[in-house]
Amino acid sequence: MSTQKIQAIRGMNDILPTQTPIWQHIEATIRQVLDSYGYQEIRLPLLEATELFNRTIGEVTDIVEKEMFTFTDRNGDSLSLRPEGTAGCVRAGIEHGLIYNQIQRLWYMGPMFRHERPQKGRYRQFHQIGAEAYGLASADIDAEIILMTARFWRQLGLNDLELQINSLGTATARAAYREHLIKYFSEHHNQLDADSQRRLDTNPLRILDSKNSDMQTLIEEAPQLLEHLDEPSQTHFARLKQLLDQAGVNYRVNPRLVRGLDYYNRTVFEWVTQKLGAQGTVCAGGRYDTLVEQIGGRATPAIGFAMGIERLVLLLDAELPKNVPHIYLIMVGDEGIQQGFRLAETLRDALPKLRLATNCGGGSFKSQFKRADKSGAKIALVLGEDEIAKQQVTVKYLREKQPQISVAQSELVHYLQRH
Ligand code: HAM
């Protein structure tokens, strides 16, 4: 039998008990804000037909070309672990009649999967909280969504994220712009790296996203999409900027913001930090007015975004209190254990927020005190023969210099409420 250790899959992390408090804090904070804007939760499967992602995210995007976890199941169907949530949300919306002729504000949370090269802030299983609004075509919902994301950061105490916005116009305007770009980059073909040469024919807009420092001047001088926008998209973008200005939200128009998924049109935006190197985008999204129709629903305007929870955790990892027990109950002897269990249940009934760890597994006073100390608890309660005889509990403070005291068991709830 092989004794080799089995380890987690590369890029797929365990989230350990020391980290879960910060995850819970982020999730609860975001959830509360989503709720206050009238978003409702939807829970979606992790597996979808591969075809769904090919048709939504786009055949020639990095995600579909090389990052999906795709396999053939026992029936011979091609399935993929979801690399993002929007496609599944639209699929479910159409399937259950949630989208047609209605306004829906939905949110979801959970793991997503992309076979990227793992590094700090980039993983193969990562977690997103995302939101999607359907049925609203005007720029006010774009502004509201951005205002909501700004509120997330305020609530979380993140104050150095930069908002970047851009407009991608309509598919037709983009197709015309694409031709301009192909012409421009073809004229400078020898300055393109291999990746960009390959993209020139398939997805030239993505060349603008290249991080290759040798190509930055070339990219800066490239024709800009904003200059080729159709009239209605220009008006839409101007209205969004006006609403953001009026609401006092700072932003930077980044004409090179194109996004890595094909379904966007008009508004796109990203919230970016300088603190996470190349993985600086903590939240990203935009409008996708043609997607619902593209996968079989009736034409419905849509806009949404998703944030990477791991990236928020990295930014917030500071000093959140850990969820250690408040109290550790030490029990010695058979009678001590019996009474201790009863007492513990009484305390939990009376004090629902109390975190109480009981000593399971027996042991001497000394070894139980050691465990109490290790647990991180502030107070040890002791039930031994003496205490039982007097119907008392000894209260000992583990982290502060305070004399230990005896409290009548009947008074204990009252005492703990005050301490
Ligand atoms: P995305 O830009 O691909 O957009 O991902 C959104 C966010 O998920 C990123 O900004 C980042 O914070 C996080 N993220 C992405 N990949 C990774 C990774 N490998 N490791 C850690 N975090 C990651 C979408 O997924 C769209 N569905 C957003 C959207 C919703 N647009 C409209 N509605």
# chains A, B, ... in the order shown; residues from 1 in each chain; ligands from 1

call {"tool": "residues_near_ligand", "arguments": {"ligand": "ligand 1", "cutoff": "9 Å", "atoms": "only C-alpha atoms and all ligand atoms", "output": "PDB file with C-alpha atoms, in the first residue's frame"}}
result
ATOM      1  CA  GLY A  11      -4.195  26.173  -6.525  1.00  0.00           C
ATOM      2  CA  ILE A  57     -17.654  33.847 -22.182  1.00  0.00           C
ATOM      3  CA  ILE A  63     -10.857  31.268 -19.880  1.00  0.00           C
ATOM      4  CA  PRO A  83     -15.193  29.510 -14.171  1.00  0.00           C
ATOM      5  CA  GLU A  84     -17.569  32.366 -13.236  1.00  0.00           C
ATOM      6  CA  GLY A  85     -21.191  32.918 -12.218  1.00  0.00           C
ATOM      7  CA  THR A  86     -22.819  35.095 -14.865  1.00  0.00           C
ATOM      8  CA  ALA A  87     -23.356  32.372 -17.475  1.00  0.00           C
ATOM      9  CA  MET A 112     -15.285  29.228  -9.224  1.00  0.00           C
ATOM     10  CA  PHE A 113     -12.602  27.255 -11.064  1.00  0.00           C
ATOM     11  CA  ARG A 114      -9.944  28.379 -13.532  1.00  0.00           C
ATOM     12  CA  HIS A 115      -6.793  26.500 -14.456  1.00  0.00           C
ATOM     13  CA  GLU A 116      -4.531  29.552 -14.157  1.00  0.00           C
ATOM     14  CA  ARG A 117      -0.955  29.633 -12.910  1.00  0.00           C
ATOM     15  CA  PRO A 118      -1.401  29.967  -9.146  1.00  0.00           C
ATOM     16  CA  GLN A 119       0.233  32.854  -7.332  1.00  0.00           C
ATOM     17  CA  LYS A 120      -0.677  35.286  -4.570  1.00  0.00           C
ATOM     18  CA  GLY A 121      -4.259  36.416  -5.257  1.00  0.00           C
ATOM     19  CA  ARG A 122      -4.733  33.954  -8.122  1.00  0.00           C
ATOM     20  CA  TYR A 123      -5.938  30.424  -7.510  1.00  0.00           C
ATOM     21  CA  ARG A 124      -7.536  27.544  -9.375  1.00  0.00           C
ATOM     22  CA  GLN A 125     -10.431  27.350  -6.972  1.00  0.00           C
ATOM     23  CA  PHE A 126     -11.380  30.818  -5.834  1.00  0.00           C
ATOM     24  CA  HIS A 127     -14.545  32.386  -4.480  1.00  0.00           C
ATOM     25  CA  GLN A 128     -16.696  35.138  -5.860  1.00  0.00           C
ATOM     26  CA  ILE A 129     -19.615  37.127  -4.618  1.00  0.00           C
ATOM     27  CA  GLY A 130     -21.438  38.382  -7.683  1.00  0.00           C
ATOM     28  CA  ALA A 131     -24.609  40.286  -8.479  1.00  0.00           C
ATOM     29  CA  GLU A 132     -26.650  40.666 -11.659  1.00  0.00           C
ATOM     30  CA  ALA A 133     -29.517  43.035 -12.485  1.00  0.00           C
ATOM     31  CA  ARG A 259     -12.203  42.804 -19.777  1.00  0.00           C
ATOM     32  CA  GLY A 260     -11.407  39.163 -20.437  1.00  0.00           C
ATOM     33  CA  LEU A 261     -14.904  37.912 -21.196  1.00  0.00           C
ATOM     34  CA  TYR A 263     -20.178  39.231 -23.381  1.00  0.00           C
ATOM     35  CA  TYR A 264     -19.800  42.868 -22.393  1.00  0.00           C
ATOM     36  CA  VAL A 268     -17.388  48.066 -17.929  1.00  0.00           C
ATOM     37  CA  GLU A 270     -13.072  47.461 -12.226  1.00  0.00           C
ATOM     38  CA  TRP A 271     -12.065  48.264  -8.654  1.00  0.00           C
ATOM     39  CA  VAL A 272      -8.301  48.025  -8.408  1.00  0.00           C
ATOM     40  CA  GLN A 279      -3.746  40.529  -9.206  1.00  0.00           C
ATOM     41  CA  GLY A 280      -4.966  43.991  -8.254  1.00  0.00           C
ATOM     42  CA  THR A 281      -8.552  43.764  -9.507  1.00  0.00           C
ATOM     43  CA  VAL A 282     -10.764  42.939  -6.555  1.00  0.00           C
ATOM     44  CA  CYS A 283     -14.104  43.487  -8.269  1.00  0.00           C
ATOM     45  CA  ALA A 284     -15.090  43.699 -11.913  1.00  0.00           C
ATOM     46  CA  GLY A 285     -18.127  43.760 -14.128  1.00  0.00           C
ATOM     47  CA  GLY A 286     -20.208  45.510 -16.703  1.00  0.00           C
ATOM     48  CA  ARG A 287     -23.214  45.484 -18.977  1.00  0.00           C
ATOM     49  CA  TYR A 288     -24.109  42.489 -21.167  1.00  0.00           C
ATOM     50  CA  ALA A 302     -28.352  43.124 -18.009  1.00  0.00           C
ATOM     51  CA  ILE A 303     -25.486  44.328 -15.866  1.00  0.00           C
ATOM     52  CA  GLY A 304     -23.477  42.776 -13.059  1.00  0.00           C
ATOM     53  CA  PHE A 305     -20.152  42.298 -11.346  1.00  0.00           C
ATOM     54  CA  ALA A 306     -18.217  39.847  -9.212  1.00  0.00           C
ATOM     55  CA  MET A 307     -15.554  40.238  -6.566  1.00  0.00           C
ATOM     56  CA  GLY A 308     -12.825  37.817  -5.582  1.00  0.00           C
ATOM     57  CA  ILE A 309     -13.138  37.023  -1.885  1.00  0.00           C
ATOM     58  CA  GLU A 310      -9.525  35.776  -1.577  1.00  0.00           C
ATOM     59  CA  ARG A 311      -8.292  39.182  -2.739  1.00  0.00           C
ATOM     60  CA  LEU A 312     -10.455  40.948  -0.164  1.00  0.00           C
TER      61      LEU A 312
END

call {"tool": "select_by_dssp", "arguments": {"residues": "segment 315-416 of chain A", "states": "helix (DSSP H, G or I)", "output": "VMD selection string"}}
result
chain A and resid 315 to 316 334 to 350 365 to 375 385 to 390 409 to 416

call {"tool": "residues_around", "arguments": {"residues": "Val382 of chain A", "least_positions_apart": "4", "cutoff": "7 Å", "atoms": "only C-alpha atoms", "output": "list in words"}}
result
Leu329, Ile330, Met331, Val393, Thr394 and Val395 of chain A

call {"tool": "closest_residue", "arguments": {"among": "A:Leu205, A:Asn254, A:Asp262, A:Val324", "to": "Thr20 of chain A", "atoms": "only C-alpha atoms"}}
result
A:Val324

call {"tool": "residues_around", "arguments": {"residues": "segment 240-242 of chain A", "least_positions_apart": "5", "cutoff": "8 Å", "atoms": "only C-alpha atoms", "output": "list in words"}}
result
Ala139, Asp140, Asp142 and Ala143 of chain A

call {"tool": "atom_distance", "arguments": {"atom1": "atom CA of Ile327 of chain A", "atom2": "atom CA of Ala380 of chain A"}}
result
5.7 Å

call {"tool": "closest_atom_pairs", "arguments": {"of": "segment 293-363 of chain A", "to": "segment 44-55 of chain A", "cutoff": "12 Å", "atoms": "only C-alpha atoms", "output": "JSON lines"}}
result
{"residue": "A:Glu293", "atom": "CA", "partner": "A:Arg55", "partner_atom": "CA", "distance": 11.4}
{"residue": "A:Gln294", "atom": "CA", "partner": "A:Arg55", "partner_atom": "CA", "distance": 7.9}
{"residue": "A:Ile295", "atom": "CA", "partner": "A:Arg55", "partner_atom": "CA", "distance": 7.3}
{"residue": "A:Gly296", "atom": "CA", "partner": "A:Arg55", "partner_atom": "CA", "distance": 10.8}

call {"tool": "select_by_dssp", "arguments": {"residues": "segment 61-289 of chain A", "states": "strand (DSSP E)", "output": "VMD selection string"}}
result
chain A and resid 70 to 72 78 to 81 104 to 113 125 to 134 162 to 167 252 to 253 265 to 272 281 to 287

call {"tool": "residues_around", "arguments": {"residues": "segment 367-373 of chain A", "least_positions_apart": "4", "cutoff": "7 Å", "atoms": "only C-alpha atoms", "output": "list in words"}}
result
Tyr328, Ile330, Asn359, Gly363, Ala377, Ala380 and Leu398 of chain A

call {"tool": "write_last_selection", "arguments": {"atoms": "all heavy atoms", "output": "mmCIF file, in the first residue's frame"}}
result
data_model
loop_
_atom_site.group_PDB
_atom_site.id
_atom_site.type_symbol
_atom_site.label_atom_id
_atom_site.label_comp_id
_atom_site.auth_asym_id
_atom_site.auth_seq_id
_atom_site.Cartn_x
_atom_site.Cartn_y
_atom_site.Cartn_z
ATOM 1 N N TYR A 328 -13.891 28.201 29.033
ATOM 2 C CA TYR A 328 -13.530 26.776 28.964
ATOM 3 C C TYR A 328 -13.967 26.142 30.270
ATOM 4 O O TYR A 328 -13.610 26.624 31.354
ATOM 5 C CB TYR A 328 -12.012 26.637 28.776
ATOM 6 C CG TYR A 328 -11.574 25.242 28.402
ATOM 7 C CD1 TYR A 328 -11.380 24.889 27.070
ATOM 8 C CD2 TYR A 328 -11.364 24.273 29.385
ATOM 9 C CE1 TYR A 328 -10.992 23.603 26.724
ATOM 10 C CE2 TYR A 328 -10.978 22.985 29.044
ATOM 11 C CZ TYR A 328 -10.791 22.658 27.710
ATOM 12 O OH TYR A 328 -10.411 21.386 27.356
ATOM 13 N N ILE A 330 -13.863 23.328 32.947
ATOM 14 C CA ILE A 330 -13.031 22.244 33.466
ATOM 15 C C ILE A 330 -13.867 21.386 34.418
ATOM 16 O O ILE A 330 -14.534 21.920 35.317
ATOM 17 C CB ILE A 330 -11.807 22.837 34.203
ATOM 18 C CG1 ILE A 330 -10.876 23.471 33.153
ATOM 19 C CG2 ILE A 330 -11.088 21.792 35.035
ATOM 20 C CD1 ILE A 330 -9.732 24.251 33.746
ATOM 21 N N ASN A 359 -14.493 20.672 28.553
ATOM 22 C CA ASN A 359 -13.352 19.762 28.467
ATOM 23 C C ASN A 359 -13.855 18.345 28.207
ATOM 24 O O ASN A 359 -14.461 17.736 29.086
ATOM 25 C CB ASN A 359 -12.559 19.790 29.772
ATOM 26 C CG ASN A 359 -11.322 18.918 29.655
ATOM 27 O OD1 ASN A 359 -10.306 19.369 29.141
ATOM 28 N ND2 ASN A 359 -11.414 17.673 30.081
ATOM 29 N N GLY A 363 -8.970 13.998 32.217
ATOM 30 C CA GLY A 363 -7.658 14.574 32.513
ATOM 31 C C GLY A 363 -7.627 15.240 33.872
ATOM 32 O O GLY A 363 -8.667 15.556 34.458
ATOM 33 N N ALA A 377 -9.409 30.759 25.499
ATOM 34 C CA ALA A 377 -10.526 31.280 26.299
ATOM 35 C C ALA A 377 -10.023 32.297 27.327
ATOM 36 O O ALA A 377 -8.889 32.228 27.787
ATOM 37 C CB ALA A 377 -11.242 30.135 26.998
ATOM 38 N N ALA A 380 -11.752 30.360 32.709
ATOM 39 C CA ALA A 380 -11.971 28.932 32.954
ATOM 40 C C ALA A 380 -12.980 28.811 34.093
ATOM 41 O O ALA A 380 -12.886 29.530 35.091
ATOM 42 C CB ALA A 380 -10.666 28.251 33.319
ATOM 43 N N LEU A 398 -8.024 33.696 32.812
ATOM 44 C CA LEU A 398 -6.796 33.103 32.268
ATOM 45 C C LEU A 398 -5.853 34.138 31.664
ATOM 46 O O LEU A 398 -4.680 33.871 31.478
ATOM 47 C CB LEU A 398 -7.160 32.082 31.176
ATOM 48 C CG LEU A 398 -7.993 30.882 31.649
ATOM 49 C CD1 LEU A 398 -8.503 30.081 30.467
ATOM 50 C CD2 LEU A 398 -7.168 29.996 32.575
#

call {"tool": "closest_residue", "arguments": {"among": "A:Asp35, A:Asp201, A:Asp209, A:Asp245", "to": "His189 of chain A", "atoms": "only C-alpha atoms"}}
result
A:Asp201
